[in-house]
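Pasted below: model-v8.tsv, TSV, C-alpha atoms.
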chain	number	residue	atom	x	y	z
A	229	MET	CA	15.53	1.35	-49.31
A	230	ALA	CA	19.19	0.38	-49.00
A	231	ARG	CA	21.06	1.85	-46.07
A	232	SER	CA	23.76	4.35	-47.00
A	233	THR	CA	27.25	2.95	-46.68
A	234	ASN	CA	28.43	6.40	-45.58
A	235	ALA	CA	26.25	6.49	-42.44
A	236	ARG	CA	28.31	7.43	-39.40
A	237	ARG	CA	28.66	4.73	-36.79
A	238	PRO	CA	27.52	5.72	-33.27
A	239	ALA	CA	30.28	6.98	-31.05
A	240	THR	CA	31.50	4.69	-28.27
A	241	LEU	CA	33.03	5.44	-24.92
A	242	ALA	CA	36.46	4.62	-26.38
A	243	SER	CA	36.05	6.82	-29.47
A	244	LEU	CA	34.76	9.70	-27.37
A	245	ALA	CA	37.74	9.40	-25.03
A	246	ALA	CA	40.08	9.43	-28.05
A	247	GLU	CA	38.36	12.49	-29.50
A	248	LEU	CA	38.79	14.36	-26.21
A	249	GLY	CA	42.26	13.06	-25.47
A	250	VAL	CA	41.21	11.75	-22.05
A	251	SER	CA	40.88	8.33	-20.45
A	252	ARG	CA	37.75	6.20	-20.70
A	253	THR	CA	37.46	6.48	-16.92
A	254	THR	CA	37.19	10.25	-17.25
A	255	VAL	CA	34.33	9.89	-19.74
A	256	SER	CA	32.60	7.37	-17.50
A	257	ASN	CA	32.96	9.66	-14.48
A	258	ALA	CA	31.24	12.48	-16.38
A	259	TYR	CA	28.07	10.35	-16.27
A	260	ASN	CA	28.41	8.22	-13.16
A	261	ARG	CA	30.68	10.17	-10.77
A	262	PRO	CA	30.47	13.84	-11.77
A	263	ASP	CA	32.03	14.95	-8.49
A	264	GLN	CA	35.32	13.49	-9.74
A	265	LEU	CA	35.61	16.06	-12.56
A	266	SER	CA	35.80	19.82	-12.72
A	267	PRO	CA	32.59	21.45	-14.00
A	268	GLU	CA	34.47	22.68	-17.09
A	269	LEU	CA	35.81	19.23	-18.03
A	270	ARG	CA	32.45	17.53	-17.47
A	271	LYS	CA	30.73	20.16	-19.63
A	272	ARG	CA	33.29	19.57	-22.43
A	273	VAL	CA	32.77	15.78	-22.24
A	274	LEU	CA	28.97	16.05	-22.40
A	275	GLU	CA	29.00	18.62	-25.23
A	276	THR	CA	31.35	16.47	-27.30
A	277	ALA	CA	29.23	13.40	-26.59
A	278	ARG	CA	26.14	15.20	-27.94
A	279	ARG	CA	28.03	16.34	-31.05
A	280	LEU	CA	29.30	12.84	-31.79
A	281	GLY	CA	26.03	11.11	-30.92
A	282	TYR	CA	27.29	9.18	-27.90
A	283	PRO	CA	24.20	8.14	-25.87
A	284	GLY	CA	25.99	7.56	-22.59
A	285	PRO	CA	27.05	4.36	-20.81
A	286	ASP	CA	24.89	1.30	-21.48
A	287	PRO	CA	22.73	0.95	-18.34
A	288	VAL	CA	22.38	-2.80	-18.84
A	289	ALA	CA	26.13	-3.28	-19.15
A	290	ARG	CA	26.69	-1.03	-16.16
A	291	SER	CA	24.25	-2.99	-13.99
A	292	LEU	CA	25.93	-6.25	-15.01
A	293	ARG	CA	29.32	-4.81	-14.11
A	294	THR	CA	28.33	-3.21	-10.81
A	295	ARG	CA	25.59	-5.74	-9.95
A	296	LYS	CA	23.41	-2.73	-9.04
A	297	ALA	CA	20.19	-1.78	-10.80
A	298	GLY	CA	19.79	1.60	-9.13
A	299	ALA	CA	16.10	0.97	-8.45
A	300	VAL	CA	13.76	-0.16	-5.69
A	301	GLY	CA	10.99	-2.61	-6.53
A	302	LEU	CA	7.50	-2.12	-5.08
A	303	LEU	CA	5.52	-5.33	-5.02
A	304	LEU	CA	1.81	-4.71	-4.78
A	305	THR	CA	-0.46	-7.64	-5.41
A	306	GLU	CA	-3.08	-5.63	-7.25
A	307	ASN	CA	-3.54	-4.55	-10.85
A	308	LEU	CA	-1.28	-1.66	-11.88
A	309	SER	CA	-4.13	0.88	-11.96
A	310	TYR	CA	-4.75	0.29	-8.24
A	311	ALA	CA	-1.53	2.13	-7.38
A	312	PHE	CA	-2.90	5.29	-9.02
A	313	ARG	CA	-6.58	4.87	-8.10
A	314	ASP	CA	-6.70	3.84	-4.45
A	315	PRO	CA	-6.08	6.89	-2.20
A	316	GLY	CA	-4.10	4.91	0.38
A	317	ALA	CA	-1.91	3.31	-2.27
A	318	VAL	CA	-1.31	6.73	-3.86
A	319	GLN	CA	-0.13	8.19	-0.54
A	320	PHE	CA	2.09	5.19	0.17
A	321	LEU	CA	3.58	5.40	-3.32
A	322	GLU	CA	4.31	9.11	-2.85
A	323	GLY	CA	6.12	8.47	0.43
A	324	LEU	CA	8.20	5.68	-1.08
A	325	ALA	CA	9.03	7.85	-4.09
A	326	LEU	CA	10.23	10.63	-1.78
A	327	ALA	CA	12.61	8.19	-0.05
A	328	CYS	CA	13.91	7.02	-3.43
A	329	GLU	CA	14.40	10.62	-4.57
A	330	ASP	CA	16.42	11.41	-1.46
A	331	ALA	CA	18.69	8.42	-2.17
A	332	GLY	CA	18.95	9.02	-5.93
A	333	GLN	CA	17.23	5.72	-6.68
A	334	GLY	CA	14.62	4.76	-9.24
A	335	LEU	CA	11.33	3.05	-8.44
A	336	LEU	CA	9.91	0.08	-10.31
A	337	LEU	CA	6.26	-0.92	-9.78
A	338	ILE	CA	5.74	-4.67	-9.89
A	339	PRO	CA	1.98	-5.20	-9.92
A	340	ALA	CA	0.63	-8.71	-9.61
A	341	SER	CA	-3.02	-9.52	-10.08
A	342	PRO	CA	-4.49	-11.04	-6.91
A	343	GLU	CA	-6.23	-13.66	-9.02
A	344	ARG	CA	-3.17	-14.86	-10.97
A	345	GLU	CA	-0.09	-16.71	-9.75
A	346	ASP	CA	2.37	-15.75	-12.50
A	347	VAL	CA	5.49	-14.67	-10.62
A	348	ALA	CA	7.63	-14.00	-13.71
A	349	ALA	CA	7.52	-10.23	-13.14
A	350	VAL	CA	9.20	-10.70	-9.77
A	351	HIS	CA	11.94	-12.91	-11.20
A	352	ARG	CA	12.81	-10.56	-14.05
A	353	ALA	CA	12.62	-7.28	-12.11
A	354	GLY	CA	15.95	-5.45	-12.22
A	355	VAL	CA	15.97	-4.02	-8.70
A	356	ASP	CA	18.32	-3.85	-5.73
A	357	GLY	CA	15.63	-4.67	-3.19
A	358	PHE	CA	11.89	-4.95	-2.65
A	359	VAL	CA	9.28	-3.12	-0.62
A	360	VAL	CA	6.34	-5.50	-0.28
A	361	TYR	CA	3.11	-3.61	0.32
A	362	SER	CA	0.34	-5.39	2.18
A	363	VAL	CA	0.12	-8.95	0.86
A	364	PRO	CA	-1.20	-12.16	2.44
A	365	GLU	CA	1.24	-14.54	4.10
A	366	ASP	CA	0.62	-17.26	1.49
A	367	ASP	CA	1.06	-15.05	-1.57
A	368	PRO	CA	3.21	-16.72	-4.29
A	369	HIS	CA	4.66	-13.35	-5.35
A	370	LEU	CA	5.97	-12.83	-1.82
A	371	ALA	CA	7.54	-16.29	-1.94
A	372	ALA	CA	9.23	-15.33	-5.23
A	373	VAL	CA	10.56	-12.11	-3.69
A	374	LEU	CA	12.05	-14.03	-0.77
A	375	GLU	CA	13.92	-16.27	-3.24
A	376	ARG	CA	15.84	-13.24	-4.53
A	377	PRO	CA	19.15	-12.47	-2.75
A	378	VAL	CA	18.24	-8.82	-2.11
A	379	PRO	CA	16.96	-6.83	0.90
A	380	VAL	CA	13.21	-6.86	1.59
A	381	VAL	CA	11.00	-4.58	3.69
A	382	ILE	CA	7.38	-5.46	4.46
A	383	ALA	CA	4.83	-2.67	4.78
A	384	ASP	CA	1.72	-3.62	6.81
A	385	GLN	CA	1.56	-7.36	6.22
A	386	PRO	CA	2.62	-10.05	6.77
A	387	GLN	CA	4.89	-9.63	9.77
A	388	LEU	CA	7.78	-12.07	9.38
A	389	ASP	CA	10.36	-12.58	12.11
A	390	ASN	CA	13.39	-12.24	9.84
A	391	LEU	CA	12.38	-9.18	7.79
A	392	ASP	CA	12.20	-5.43	8.38
A	393	TRP	CA	8.63	-4.20	8.85
A	394	VAL	CA	6.74	-0.89	8.86
A	395	GLY	CA	3.14	-0.36	9.93
A	396	PRO	CA	0.74	0.63	12.70
A	397	ASP	CA	-0.54	-1.43	15.62
A	398	ASP	CA	-3.80	-2.32	13.90
A	399	ALA	CA	-5.31	-4.07	16.91
A	400	ARG	CA	-4.72	-1.13	19.24
A	401	ALA	CA	-5.93	1.34	16.62
A	402	ILE	CA	-9.25	-0.41	15.95
A	403	LYS	CA	-9.74	-0.99	19.69
A	404	ALA	CA	-9.84	2.77	20.14
A	405	MET	CA	-12.68	2.85	17.61
A	406	ALA	CA	-14.47	-0.03	19.37
A	407	ASP	CA	-14.18	1.72	22.73
A	408	HIS	CA	-15.62	4.88	21.17
A	409	LEU	CA	-18.64	3.03	19.80
A	410	ILE	CA	-19.19	1.04	22.99
A	411	GLY	CA	-18.99	4.26	24.98
A	412	LEU	CA	-21.72	5.74	22.77
A	413	GLY	CA	-23.90	2.75	23.58
A	414	HIS	CA	-23.67	0.68	20.38
A	415	ARG	CA	-24.10	-3.06	20.79
A	416	ARG	CA	-25.97	-3.96	17.59
A	417	ILE	CA	-23.28	-3.53	14.93
A	418	GLY	CA	-22.35	-4.88	11.52
A	419	VAL	CA	-18.83	-5.02	10.06
A	420	SER	CA	-17.71	-4.40	6.48
A	421	CYS	CA	-14.18	-5.69	5.87
A	422	MET	CA	-11.65	-5.94	3.08
A	423	ARG	CA	-10.64	-9.32	1.65
A	424	LEU	CA	-9.47	-11.90	4.16
A	425	ALA	CA	-7.80	-14.39	1.82
A	426	ARG	CA	-6.64	-14.79	-1.77
A	427	GLY	CA	-9.78	-16.66	-2.73
A	428	ARG	CA	-12.63	-14.38	-3.76
A	429	ASN	CA	-15.46	-14.08	-1.29
A	430	ASP	CA	-18.10	-11.38	-1.64
A	431	GLY	CA	-20.41	-12.17	1.20
A	432	PRO	CA	-20.62	-13.09	4.86
A	433	ALA	CA	-17.34	-13.99	6.61
A	434	SER	CA	-17.85	-16.67	9.23
A	435	VAL	CA	-16.04	-16.61	12.56
A	436	GLN	CA	-13.87	-19.44	11.26
A	437	ARG	CA	-12.97	-17.51	8.09
A	438	GLN	CA	-12.08	-14.49	10.22
A	439	ALA	CA	-9.81	-16.65	12.41
A	440	ASN	CA	-8.11	-18.23	9.37
A	441	ALA	CA	-7.58	-14.98	7.47
A	442	SER	CA	-4.24	-14.81	5.63
A	443	PHE	CA	-4.34	-11.00	5.47
A	444	HIS	CA	-2.92	-10.21	8.90
A	445	VAL	CA	-4.11	-6.58	9.00
A	446	GLN	CA	-7.76	-7.49	8.49
A	447	LYS	CA	-7.44	-10.41	10.90
A	448	ALA	CA	-5.95	-8.15	13.60
A	449	ARG	CA	-8.70	-5.56	13.19
A	450	LEU	CA	-11.50	-8.11	13.32
A	451	THR	CA	-9.96	-9.93	16.30
A	452	ALA	CA	-9.63	-6.68	18.25
A	453	LEU	CA	-13.22	-5.70	17.45
A	454	ALA	CA	-14.44	-9.13	18.54
A	455	GLU	CA	-12.55	-8.95	21.83
A	456	ALA	CA	-13.72	-5.42	22.64
A	457	PHE	CA	-17.39	-6.05	21.91
A	458	SER	CA	-17.33	-9.46	23.61
A	459	GLU	CA	-16.06	-7.76	26.77
A	460	ALA	CA	-19.04	-5.39	26.44
A	461	GLY	CA	-21.43	-8.34	26.44
A	462	VAL	CA	-21.91	-8.76	22.68
A	463	ASP	CA	-22.00	-12.31	21.26
A	464	TRP	CA	-19.56	-11.94	18.35
A	465	THR	CA	-20.87	-15.05	16.62
A	466	LYS	CA	-24.11	-13.14	16.03
A	467	VAL	CA	-22.43	-10.01	14.64
A	468	PRO	CA	-22.80	-9.91	10.83
A	469	VAL	CA	-19.42	-9.52	9.11
A	470	VAL	CA	-19.45	-9.00	5.35
A	471	GLU	CA	-16.30	-9.31	3.22
A	472	ARG	CA	-15.55	-7.64	-0.10
A	473	PHE	CA	-12.76	-8.73	-2.44
A	474	ASP	CA	-12.52	-5.48	-4.43
A	475	HIS	CA	-11.59	-2.34	-2.52
A	476	THR	CA	-13.99	0.24	-3.99
A	477	THR	CA	-16.76	2.50	-2.75
A	478	ALA	CA	-19.21	0.40	-4.76
A	479	SER	CA	-18.09	-2.61	-2.72
A	480	GLY	CA	-18.61	-0.61	0.45
A	481	ALA	CA	-22.12	0.33	-0.62
A	482	SER	CA	-23.10	-3.24	-1.46
A	483	ALA	CA	-21.56	-4.51	1.79
A	484	ALA	CA	-23.59	-2.01	3.83
A	485	ALA	CA	-26.74	-3.03	1.95
A	486	GLN	CA	-26.07	-6.67	2.73
A	487	LEU	CA	-25.46	-5.92	6.41
A	488	LEU	CA	-28.75	-4.02	6.68
A	489	GLU	CA	-30.56	-6.92	5.02
A	490	MET	CA	-28.94	-9.41	7.40
A	491	ASP	CA	-29.89	-7.31	10.44
A	492	PRO	CA	-32.10	-4.27	9.82
A	493	GLU	CA	-31.76	-3.28	13.48
A	494	ILE	CA	-28.00	-2.61	13.48
A	495	THR	CA	-27.14	0.86	14.73
A	496	ALA	CA	-23.57	1.08	13.42
A	497	VAL	CA	-21.62	-0.12	10.38
A	498	VAL	CA	-17.95	-0.52	11.29
A	499	CYS	CA	-15.74	-0.53	8.18
A	500	THR	CA	-12.12	-1.65	8.11
A	501	SER	CA	-11.24	1.04	5.55
A	502	ASP	CA	-12.39	4.53	4.64
A	503	ILE	CA	-13.18	3.46	1.07
A	504	LEU	CA	-15.70	0.93	2.35
A	505	ALA	CA	-17.07	3.50	4.80
A	506	LEU	CA	-17.60	6.09	2.06
A	507	GLY	CA	-19.57	3.47	0.16
A	508	ALA	CA	-21.62	2.76	3.29
A	509	LEU	CA	-22.44	6.48	3.60
A	510	SER	CA	-23.66	6.45	0.00
A	511	GLU	CA	-25.88	3.43	0.67
A	512	ALA	CA	-27.31	5.08	3.80
A	513	ARG	CA	-28.25	8.17	1.77
A	514	ASN	CA	-29.88	6.01	-0.90
A	515	ARG	CA	-32.01	4.33	1.79
A	516	GLY	CA	-33.04	7.61	3.34
A	517	LEU	CA	-31.13	6.89	6.55
A	518	ARG	CA	-29.82	9.79	8.60
A	519	VAL	CA	-26.15	9.52	9.56
A	520	PRO	CA	-25.50	9.45	12.44
A	521	GLU	CA	-29.05	9.72	13.88
A	522	ASP	CA	-30.26	6.45	12.31
A	523	LEU	CA	-26.94	4.81	11.52
A	524	THR	CA	-23.37	5.38	12.67
A	525	VAL	CA	-20.67	4.72	10.06
A	526	THR	CA	-16.93	4.50	10.82
A	527	GLY	CA	-13.81	3.89	8.75
A	528	PHE	CA	-10.08	3.35	9.02
A	529	ASP	CA	-7.13	5.09	7.28
A	530	GLY	CA	-7.79	8.83	7.32
A	531	ILE	CA	-7.68	9.45	3.57
A	532	PRO	CA	-8.48	12.98	2.27
A	533	ASP	CA	-11.97	12.00	1.07
A	534	ALA	CA	-12.79	10.74	4.57
A	535	GLU	CA	-11.67	14.04	6.04
A	536	ARG	CA	-13.87	15.93	3.59
A	537	ALA	CA	-16.82	13.72	4.56
A	538	ASN	CA	-16.09	14.39	8.26
A	539	LEU	CA	-15.98	10.62	8.76
A	540	THR	CA	-15.28	9.10	12.16
A	541	THR	CA	-12.16	7.08	11.43
A	542	VAL	CA	-8.70	6.01	12.54
A	543	ARG	CA	-6.01	8.06	10.86
A	544	GLN	CA	-2.71	6.39	10.04
A	545	PRO	CA	0.30	8.18	8.44
A	546	VAL	CA	0.23	6.40	5.08
A	547	LEU	CA	2.68	8.72	3.33
A	548	GLU	CA	5.15	8.33	6.20
A	549	LYS	CA	4.67	4.56	5.97
A	550	GLY	CA	5.91	4.66	2.38
A	551	ARG	CA	8.80	6.94	3.22
A	552	ALA	CA	9.86	4.83	6.21
A	553	SER	CA	9.70	1.66	4.12
A	554	GLY	CA	12.01	3.18	1.53
A	555	ARG	CA	14.44	4.44	4.13
A	556	LEU	CA	14.68	1.05	5.81
A	557	LEU	CA	15.39	-0.61	2.49
A	558	LEU	CA	18.00	1.92	1.42
A	559	GLU	CA	19.78	2.17	4.77
A	560	ALA	CA	21.71	-0.98	5.58
A	561	GLY	CA	20.71	-2.58	8.86
A	562	GLU	CA	22.59	-4.95	11.09
A	563	PRO	CA	22.57	-8.49	9.66
A	564	GLY	CA	20.30	-10.85	11.54
A	565	ARG	CA	18.50	-8.08	13.44
A	566	PRO	CA	15.28	-7.12	11.65
A	567	ARG	CA	14.04	-3.61	12.32
A	568	ARG	CA	10.49	-2.61	13.28
A	569	VAL	CA	8.98	0.83	12.67
A	570	GLN	CA	5.59	1.10	14.37
A	571	LEU	CA	3.60	4.13	13.28
A	572	GLU	CA	1.23	6.04	15.53
A	573	THR	CA	-2.48	6.26	14.77
A	574	GLN	CA	-5.17	8.69	15.89
A	575	LEU	CA	-8.89	8.24	16.47
A	576	ILE	CA	-10.74	10.99	14.60
A	577	VAL	CA	-14.29	11.53	15.88
A	578	GLY	CA	-16.20	13.11	13.03
A	579	ALA	CA	-19.85	13.75	12.27
A	580	THR	CA	-20.77	10.17	11.33
A	581	SER	CA	-20.94	8.66	14.83
A	582	ALA	CA	-23.47	9.28	17.62
A	583	PRO	CA	-25.35	7.30	20.27
A	584	PRO	CA	-27.76	4.72	18.79
A	585	ARG	CA	-31.34	5.71	18.17
A	586	SER	CA	-33.76	4.75	20.94
A	587	ALA	CA	-36.56	2.24	20.39
A	588	GLU	CA	-39.06	5.10	20.57
A	589	GLU	CA	-37.47	7.04	17.75
A	590	ARG	CA	-38.88	6.70	14.26
A	591	TRP	CA	-36.99	4.25	12.06
A	592	PHE	CA	-36.23	5.85	8.69
A	593	GLY	CA	-35.28	2.59	7.01
A	594	PRO	CA	-36.68	1.33	3.70

As structure tokens:
Amino acid sequence: MARSTNARRPATLASLAAELGVSRTTVSNAYNRPDQLSPELRKRVLETARRLGYPGPDPVARSLRTRKAGAVGLLLTENLSYAFRDPGAVQFLEGLALACEDAGQGLLLIPASPEREDVAAVHRAGVDGFVVYSVPEDDPHLAAVLERPVPVVIADQPQLDNLDWVGPDDARAIKAMADHLIGLGHRRIGVSCMRLARGRNDGPASVQRQANASFHVQKARLTALAEAFSEAGVDWTKVPVVERFDHTTASGASAAAQLLEMDPEITAVVCTSDILALGALSEARNRGLRVPEDLTVTGFDGIPDAERANLTTVRQPVLEKGRASGRLLLEAGEPGRPRRVQLETQLIVGATSAPPRSAEERWFGP
């Protein structure tokens, strides 16, 4: 069908200004700086714009002119669905969104699959700065972020000397858990941990792999556990540590099963996240094990599901972590002086930890 030659051309900023008898700056201020106009004048500009079909200033042209995108980029090296599925990521995202709302900024999610190295999404992201959420030190997406001439804040990991950082003291936090378990009398433990490096490994993590981990958070937690239990007389080289690449309860269940197969006499499964711990609880139930009488299970994070399960865990303020990350990014710091925001954690002793069963007690294993 041929287009009508009488179709009205869309109004422009200039034609709208002419229609109103005002300057183009006045029209622009109605959208971008409303405080510069009286409520009555701004209302007249917007009503006339709607009548004439003016869609407002071109955001692309505006960003080119001001060199501001009006948005914060969140780099999370996971698939996009992870941000809405993982409870910790959801809380972090909420906190960051609250900081962006307070500053009148948008939020752009920049997911990057952990098993792909395509950094194009980082290069083309129209943002004024990046919050990088928990990535390994050798991640190519992080390297791409650092090539951009914009502010960067790291949440959790890695800790880099020249960048702002937000997170807990993971070593001190997990040490509190280790001290709790040692005080209960546990010496025969197994550890279920999140991924230690970009390469997939769903199985035992050797002492060397633990020491070479590129995910600093997991490395710090494992190192602190090793030091605490070694001081209590445990040979860490004989402690089974099982790694899972995917962070799901199913992974936690399979990790617990593998630990119990590697050493059926363990009395506690120490998990470096609540998600893994919830999976371990499920596996214990499937095996007919009583928690905590037959098996102690602990986590880390303090997510709502862990609270409902009355899990013994370390609670960290994940929502506040997101909010603090956003604030750091949006509030200019002093050049050359990176800021550190260390968040407090709390050991939560729930119903899933108790002294180990004695040799005389019946073993309810498979």

Notebook entry, point to check: Contacts of A:Asp502 at 9 Å or less, counting only C-alpha atoms, minus same-chain residues fewer than 5 places along, as number ranges by chain?
Noted result: A: 477, 507, 526-531, 533-534, 539, 541-542

Next item on the list: Take atom CA of A:Ala340 and atom CA of A:Pro368 and report the distance between them in Å, one decimal.
Entry: 10.0 Å

For the contact check between stretch 484-553 of chain A and stretch 304-326 of chain A, emit one row per residue of stretch 484-553 of chain A within 6 Å, containing the shortest atom pair and the distance in Å rounded to one decimal, counting only C-alpha atoms, chain then rising number order, as a tab-separated table.
residue	atom	partner	partner_atom	distance
A:Val546	CA	A:Phe320	CA	5.4
A:Leu547	CA	A:Gly323	CA	4.5
A:Glu548	CA	A:Gly323	CA	5.9
A:Gly550	CA	A:Leu324	CA	4.3
A:Arg551	CA	A:Gly323	CA	4.2

Notebook entry, point to check: Quick one: distance from atom CA of A:Glu455 to atom CA of A:Glu489 in Å, one decimal?
Noted result: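 Interatomic distance, atom CA of A:Glu455 to atom CA of A:Glu489: 24.7 Å.
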
Note to self: Can you measure atom CA of A:Glu375 to atom CA of A:Glu329 for me? One decimal in Å is fine.
What the structure shows: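 Atom CA of A:Glu329 lies at a distance of 26.9 Å from atom CA of A:Glu375.
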
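The closest residue to A:Gly357, picked from A:Gly411, A:Pro283, A:Gly298, A:Pro396 and counting all atoms listed in the file, is A:Gly298.
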
Item checked: Point (1.3, -14.4, -4.7) neighbourhood (12 Å, all atoms listed in the file) written as an MDAnalysis selection string -> chainID A and resid 303:306 338:350 360 362:374 425:427 442

Export, as an mmCIF file, in the coordinates of the input, the selected residues with C-alpha atoms.
data_model
loop_
_atom_site.group_PDB
_atom_site.id
_atom_site.type_symbol
_atom_site.label_atom_id
_atom_site.label_comp_id
_atom_site.auth_asym_id
_atom_site.auth_seq_id
_atom_site.Cartn_x
_atom_site.Cartn_y
_atom_site.Cartn_z
ATOM 1 C CA LEU A 303 5.520 -5.330 -5.020
ATOM 2 C CA LEU A 304 1.810 -4.710 -4.780
ATOM 3 C CA THR A 305 -0.460 -7.640 -5.410
ATOM 4 C CA GLU A 306 -3.080 -5.630 -7.250
ATOM 5 C CA ILE A 338 5.740 -4.670 -9.890
ATOM 6 C CA PRO A 339 1.980 -5.200 -9.920
ATOM 7 C CA ALA A 340 0.630 -8.710 -9.610
ATOM 8 C CA SER A 341 -3.020 -9.520 -10.080
ATOM 9 C CA PRO A 342 -4.490 -11.040 -6.910
ATOM 10 C CA GLU A 343 -6.230 -13.660 -9.020
ATOM 11 C CA ARG A 344 -3.170 -14.860 -10.970
ATOM 12 C CA GLU A 345 -0.090 -16.710 -9.750
ATOM 13 C CA ASP A 346 2.370 -15.750 -12.500
ATOM 14 C CA VAL A 347 5.490 -14.670 -10.620
ATOM 15 C CA ALA A 348 7.630 -14.000 -13.710
ATOM 16 C CA ALA A 349 7.520 -10.230 -13.140
ATOM 17 C CA VAL A 350 9.200 -10.700 -9.770
ATOM 18 C CA VAL A 360 6.340 -5.500 -0.280
ATOM 19 C CA SER A 362 0.340 -5.390 2.180
ATOM 20 C CA VAL A 363 0.120 -8.950 0.860
ATOM 21 C CA PRO A 364 -1.200 -12.160 2.440
ATOM 22 C CA GLU A 365 1.240 -14.540 4.100
ATOM 23 C CA ASP A 366 0.620 -17.260 1.490
ATOM 24 C CA ASP A 367 1.060 -15.050 -1.570
ATOM 25 C CA PRO A 368 3.210 -16.720 -4.290
ATOM 26 C CA HIS A 369 4.660 -13.350 -5.350
ATOM 27 C CA LEU A 370 5.970 -12.830 -1.820
ATOM 28 C CA ALA A 371 7.540 -16.290 -1.940
ATOM 29 C CA ALA A 372 9.230 -15.330 -5.230
ATOM 30 C CA VAL A 373 10.560 -12.110 -3.690
ATOM 31 C CA LEU A 374 12.050 -14.030 -0.770
ATOM 32 C CA ALA A 425 -7.800 -14.390 1.820
ATOM 33 C CA ARG A 426 -6.640 -14.790 -1.770
ATOM 34 C CA GLY A 427 -9.780 -16.660 -2.730
ATOM 35 C CA SER A 442 -4.240 -14.810 5.630
#

Draw an axis-aligned box tight on the listed atoms of stretch 377-384 of chain A, then pad every side by 3 Å and write out centre and edge lengths in Å to one decimal as AutoDock Vina command-line options.
--center_x 10.4 --center_y -7.6 --center_z 2.0 --size_x 23.4 --size_y 15.8 --size_z 15.6

Check: Can you tell me, as a PyMOL selection string, which residues sit within 12 Å of (-21.8, 7.3, 0.0) in the file's frame, using all atoms listed in the file?
Finding: chain A and resi 476-485+502-517+519+525+533-534+537+539+580

Margin query: My list of candidates is A:Leu487, A:Ala452, A:Val569, A:Val435. Which is closest to A:Pro468 when distances are computed with only C-alpha atoms?
Written below: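 Residue with the minimum atom-to-atom distance to A:Pro468: A:Leu487.
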
Margin query: Need the shell around A:Ala399: protein/DNA/RNA residues with any atom at most 12 Å away, counting all atoms listed in the file. Skip same-chain ones fewer than 4 positions apart. Format as a list in words?
Written below: Gly395, Lys403, Ala404, Met405, Ala406, His444, Val445, Gln446, Lys447, Ala448, Arg449, Leu450, Thr451, Ala452, Leu453, Ala454, Glu455, Ala456, Thr500, Phe528, Val542 and Thr573 of chain A

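Distances here use all atoms listed in the file; by that measure, the residue among A:Asp522, A:Val470, A:Leu274, A:Gln486 closest to A:Pro262 is A:Leu274.
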
Any idea what's packed within 7 Å of A:Cys421, counting all atoms listed in the file, ignoring anything in its chain fewer than 2 positions away? Could you give it as a tab-separated table (two decimals) with C-alpha atoms, in the coordinates of the input?
chain	number	residue	atom	x	y	z
A	419	VAL	CA	-18.83	-5.02	10.06
A	423	ARG	CA	-10.64	-9.32	1.65
A	470	VAL	CA	-19.45	-9.00	5.35
A	471	GLU	CA	-16.30	-9.31	3.22
A	472	ARG	CA	-15.55	-7.64	-0.10
A	499	CYS	CA	-15.74	-0.53	8.18
A	500	THR	CA	-12.12	-1.65	8.11
